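Novice: Next up is a structure, given as structure tokens.
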Amino acid sequence: DTGVSQDPRHKITKRGQNVTFRCDPISEHNRLYWYRQTLGQGPEFLTYFQNEAQLEKSRLLSDRFSAERPKGSFSTLEIQRTEQGDSAMYLCASSLGGTGTRYGYTFGSGTRLTVV
Amino acid sequence: AQTVTQSQPEMSVQEAETVTLSCTYDTSESDYYLFWYKQPPSRQMILVIRQEAYKQQNATENRFSVNFQKAAKSFSLKISDSQLGDAAMYFCARDNAGNMLTFGGGTRLMVKP
């Protein structure tokens with residue numbers, strides 16, 4: 001198991017285009033989280049899944065954002081009609097159970113989105 | 001809004017010396033978890049240390065230890081015998097009902113040789 005994988009590592013897109021990111025969690029982890037991190041700031045929670053169910057969404061997740069986790073395995077995060085304010089690092093993390101587990105989250109390396 | 005505050009945007013320490021990073025938080029829960037994460041430049045975030053709020057004993061992991069003051073809602077990280085590889089952004093975080101984490105704004109730690 002190579003940890004949490006995110007693809008692509010970098011994405012440059014023109015304003016108004018749609019983008020999709022993928023996250024492959026650690027295989028035995030049932031929870032998967034998406035966070036957004038802007039430069040010089042801490043990560044901000046977007047949404048999380050337990051297996052295939054999306055259990056919570058942040059107010060940051062506008063209607064242009066959608067996330068899925070079909071079959072409780074990998075997850076995708078899609079942003080429609082991108083805006084310059086969407087430029088950020090999008091982090092994925094997974095865990096076995098909630099934050100109370102011994103090792104907490106395992107984070108991926110993130111996808112850096114630049115909207116031009 | 002429940003927040004996590006790191007009041008030191010940047011800290012500097014001489015190699016082999018000790019440094020303490022500060023963190024305060026807000027919560028209405030009595031049982032929760034606190035974390036320190038390290039994010040090296042262009043690399044993934046990794047867990048440094050974790051504290052369970054119901055445990056009075058401060059957590060330690062090798063050169064890393066915390067000073068957890070529950071009444072004051074304070075959770076500082078002490079790094080002993082600092083090494084060049086400790087240079088990174090450090091984020092304090094608190095969990096919300098065992099689900100998502102709320103992160104502070106981070107402290108950039110520089111280690112001088």
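The way I read the labels, and the way they are meant: chains A, B, ... in the order of the structure tokens, residue 1 as the first residue of every chain, and ligand 1 as the first ligand shown, with later ones counted on from there.
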Report the closest atom pair, with its distance in Å rounded to one decimal, for each residue of chain A that has an atom no farther than 10 Å from chain B; count only C-alpha atoms, sort by chain and then rising residue number, and write it as JSON lines.
Specialist:
```
{"residue": "A:Val4", "atom": "CA", "partner": "B:Gln44", "partner_atom": "CA", "distance": 9.8}
{"residue": "A:Arg31", "atom": "CA", "partner": "B:Asn99", "partner_atom": "CA", "distance": 9.3}
{"residue": "A:Tyr33", "atom": "CA", "partner": "B:Met100", "partner_atom": "CA", "distance": 7.7}
{"residue": "A:Trp34", "atom": "CA", "partner": "B:Met100", "partner_atom": "CA", "distance": 9.5}
{"residue": "A:Tyr35", "atom": "CA", "partner": "B:Met100", "partner_atom": "CA", "distance": 9.5}
{"residue": "A:Gly40", "atom": "CA", "partner": "B:Gly105", "partner_atom": "CA", "distance": 7.5}
{"residue": "A:Gln41", "atom": "CA", "partner": "B:Gly105", "partner_atom": "CA", "distance": 5.0}
{"residue": "A:Gly42", "atom": "CA", "partner": "B:Gly105", "partner_atom": "CA", "distance": 4.6}
{"residue": "A:Pro43", "atom": "CA", "partner": "B:Phe103", "partner_atom": "CA", "distance": 6.2}
{"residue": "A:Glu44", "atom": "CA", "partner": "B:Thr102", "partner_atom": "CA", "distance": 7.0}
{"residue": "A:Phe45", "atom": "CA", "partner": "B:Met100", "partner_atom": "CA", "distance": 6.8}
{"residue": "A:Leu46", "atom": "CA", "partner": "B:Met100", "partner_atom": "CA", "distance": 9.1}
{"residue": "A:Thr47", "atom": "CA", "partner": "B:Met100", "partner_atom": "CA", "distance": 8.3}
{"residue": "A:Tyr48", "atom": "CA", "partner": "B:Met100", "partner_atom": "CA", "distance": 7.6}
{"residue": "A:Leu55", "atom": "CA", "partner": "B:Asn99", "partner_atom": "CA", "distance": 9.7}
{"residue": "A:Glu56", "atom": "CA", "partner": "B:Met100", "partner_atom": "CA", "distance": 9.0}
{"residue": "A:Leu91", "atom": "CA", "partner": "B:Gln44", "partner_atom": "CA", "distance": 8.9}
{"residue": "A:Ala93", "atom": "CA", "partner": "B:Met45", "partner_atom": "CA", "distance": 9.6}
{"residue": "A:Gly97", "atom": "CA", "partner": "B:Asn99", "partner_atom": "CA", "distance": 8.7}
{"residue": "A:Gly98", "atom": "CA", "partner": "B:Gly98", "partner_atom": "CA", "distance": 5.2}
{"residue": "A:Thr99", "atom": "CA", "partner": "B:Gly98", "partner_atom": "CA", "distance": 5.0}
{"residue": "A:Gly100", "atom": "CA", "partner": "B:Gly98", "partner_atom": "CA", "distance": 6.0}
{"residue": "A:Thr101", "atom": "CA", "partner": "B:Gly98", "partner_atom": "CA", "distance": 9.1}
{"residue": "A:Arg102", "atom": "CA", "partner": "B:Arg50", "partner_atom": "CA", "distance": 8.2}
{"residue": "A:Tyr103", "atom": "CA", "partner": "B:Leu47", "partner_atom": "CA", "distance": 7.5}
{"residue": "A:Gly104", "atom": "CA", "partner": "B:Leu47", "partner_atom": "CA", "distance": 7.6}
{"residue": "A:Tyr105", "atom": "CA", "partner": "B:Leu47", "partner_atom": "CA", "distance": 7.7}
{"residue": "A:Thr106", "atom": "CA", "partner": "B:Ile46", "partner_atom": "CA", "distance": 7.1}
{"residue": "A:Phe107", "atom": "CA", "partner": "B:Met45", "partner_atom": "CA", "distance": 5.9}
{"residue": "A:Gly108", "atom": "CA", "partner": "B:Gln44", "partner_atom": "CA", "distance": 6.0}
{"residue": "A:Ser109", "atom": "CA", "partner": "B:Gln44", "partner_atom": "CA", "distance": 4.4}
{"residue": "A:Gly110", "atom": "CA", "partner": "B:Gln44", "partner_atom": "CA", "distance": 7.2}
```
Novice: Quick one: everything within 7 Å of His10 of chain A, counting only C-alpha atoms, minus sequence neighbours fewer than 5 positions away in the same chain. Send it as a PDB file with N, CA, C and O atoms, in the first residue's frame.
Specialist:
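Here's the written file around-v8.pdb:
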```
ATOM      1  N   THR A 111      -3.549  18.145  -4.892  1.00  0.00           N
ATOM      2  CA  THR A 111      -3.613  18.620  -6.279  1.00  0.00           C
ATOM      3  C   THR A 111      -3.624  20.137  -6.227  1.00  0.00           C
ATOM      4  O   THR A 111      -4.516  20.733  -5.617  1.00  0.00           O
ATOM      5  N   ARG A 112      -2.633  20.732  -6.876  1.00  0.00           N
ATOM      6  CA  ARG A 112      -2.593  22.206  -6.910  1.00  0.00           C
ATOM      7  C   ARG A 112      -3.322  22.698  -8.144  1.00  0.00           C
ATOM      8  O   ARG A 112      -2.931  22.380  -9.264  1.00  0.00           O
ATOM      9  N   LEU A 113      -4.375  23.460  -7.915  1.00  0.00           N
ATOM     10  CA  LEU A 113      -5.173  24.018  -9.016  1.00  0.00           C
ATOM     11  C   LEU A 113      -4.845  25.493  -9.194  1.00  0.00           C
ATOM     12  O   LEU A 113      -4.867  26.254  -8.226  1.00  0.00           O
TER      13      LEU A 113
END
```
Novice: Using only C-alpha atoms, determine which residues lie at most 10 Å from Asp63 of chain A, disregarding the query and same-chain residues fewer than 3 positions distant; provide the list as a compact mmCIF listing (two decimals) with N, CA and C atoms, in the first residue's frame.
Specialist:
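Here's the written file out.txt:
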```txt
# COMPACT_ATOMS: atom_id res chain seq x y z
N ARG A 59 -19.98 24.66 4.18
CA ARG A 59 -20.58 25.77 3.43
C ARG A 59 -19.64 26.26 2.33
N LEU A 60 -18.34 25.91 2.46
CA LEU A 60 -17.38 26.27 1.41
C LEU A 60 -17.68 25.55 0.11
N SER A 66 -18.81 19.29 -6.60
CA SER A 66 -19.49 18.02 -6.30
C SER A 66 -18.43 16.95 -6.07
N ILE A 79 -15.07 20.50 -9.95
CA ILE A 79 -15.42 21.92 -9.84
C ILE A 79 -15.90 22.36 -11.22
N GLN A 80 -17.11 22.86 -11.27
CA GLN A 80 -17.65 23.36 -12.54
C GLN A 80 -17.48 24.87 -12.62
```
Novice: What gap, in Å, lies between atom CA of Pro113 of chain B and atom CA of Thr5 of chain B?
Specialist: 28.8 Å
Novice: Counting only C-alpha atoms, what is within 10 Å of segment 70-83 of chain B, bar same-chain residues fewer than 5 positions away, as number ranges by chain?
Specialist: B: 4-6, 13-27, 30, 34-36, 48-49, 51, 53-56, 58-65, 90, 92-94, 110-113
Novice: Just how far from atom CA of Arg69 of chain A is atom CA of Val116 of chain A, in Å to one decimal?
Specialist: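 Pair atom CA of Val116 of chain A / atom CA of Arg69 of chain A returns 28.3 Å.
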Novice: Figure out the distance between atom CA of Arg36 of chain A and atom CA of Ser58 of chain A, please, to one decimal in Å.
Specialist: 10.9 Å
Novice: If you run DSSP over the backbone, which residues in segment 4-105 of chain A end up strand (DSSP E)? Put them as a ChimeraX atom specification.
Specialist: /A:5-7,10-13,19-24,31-37,44-50,53-57,65-68,75-79,88-95
Novice: Could you name the residues that touch Glu52 of chain A at 9 Å or less, counting only C-alpha atoms, but leaving out those on the same chain fewer than 6 positions away, as a count of residues only?
Specialist: 9
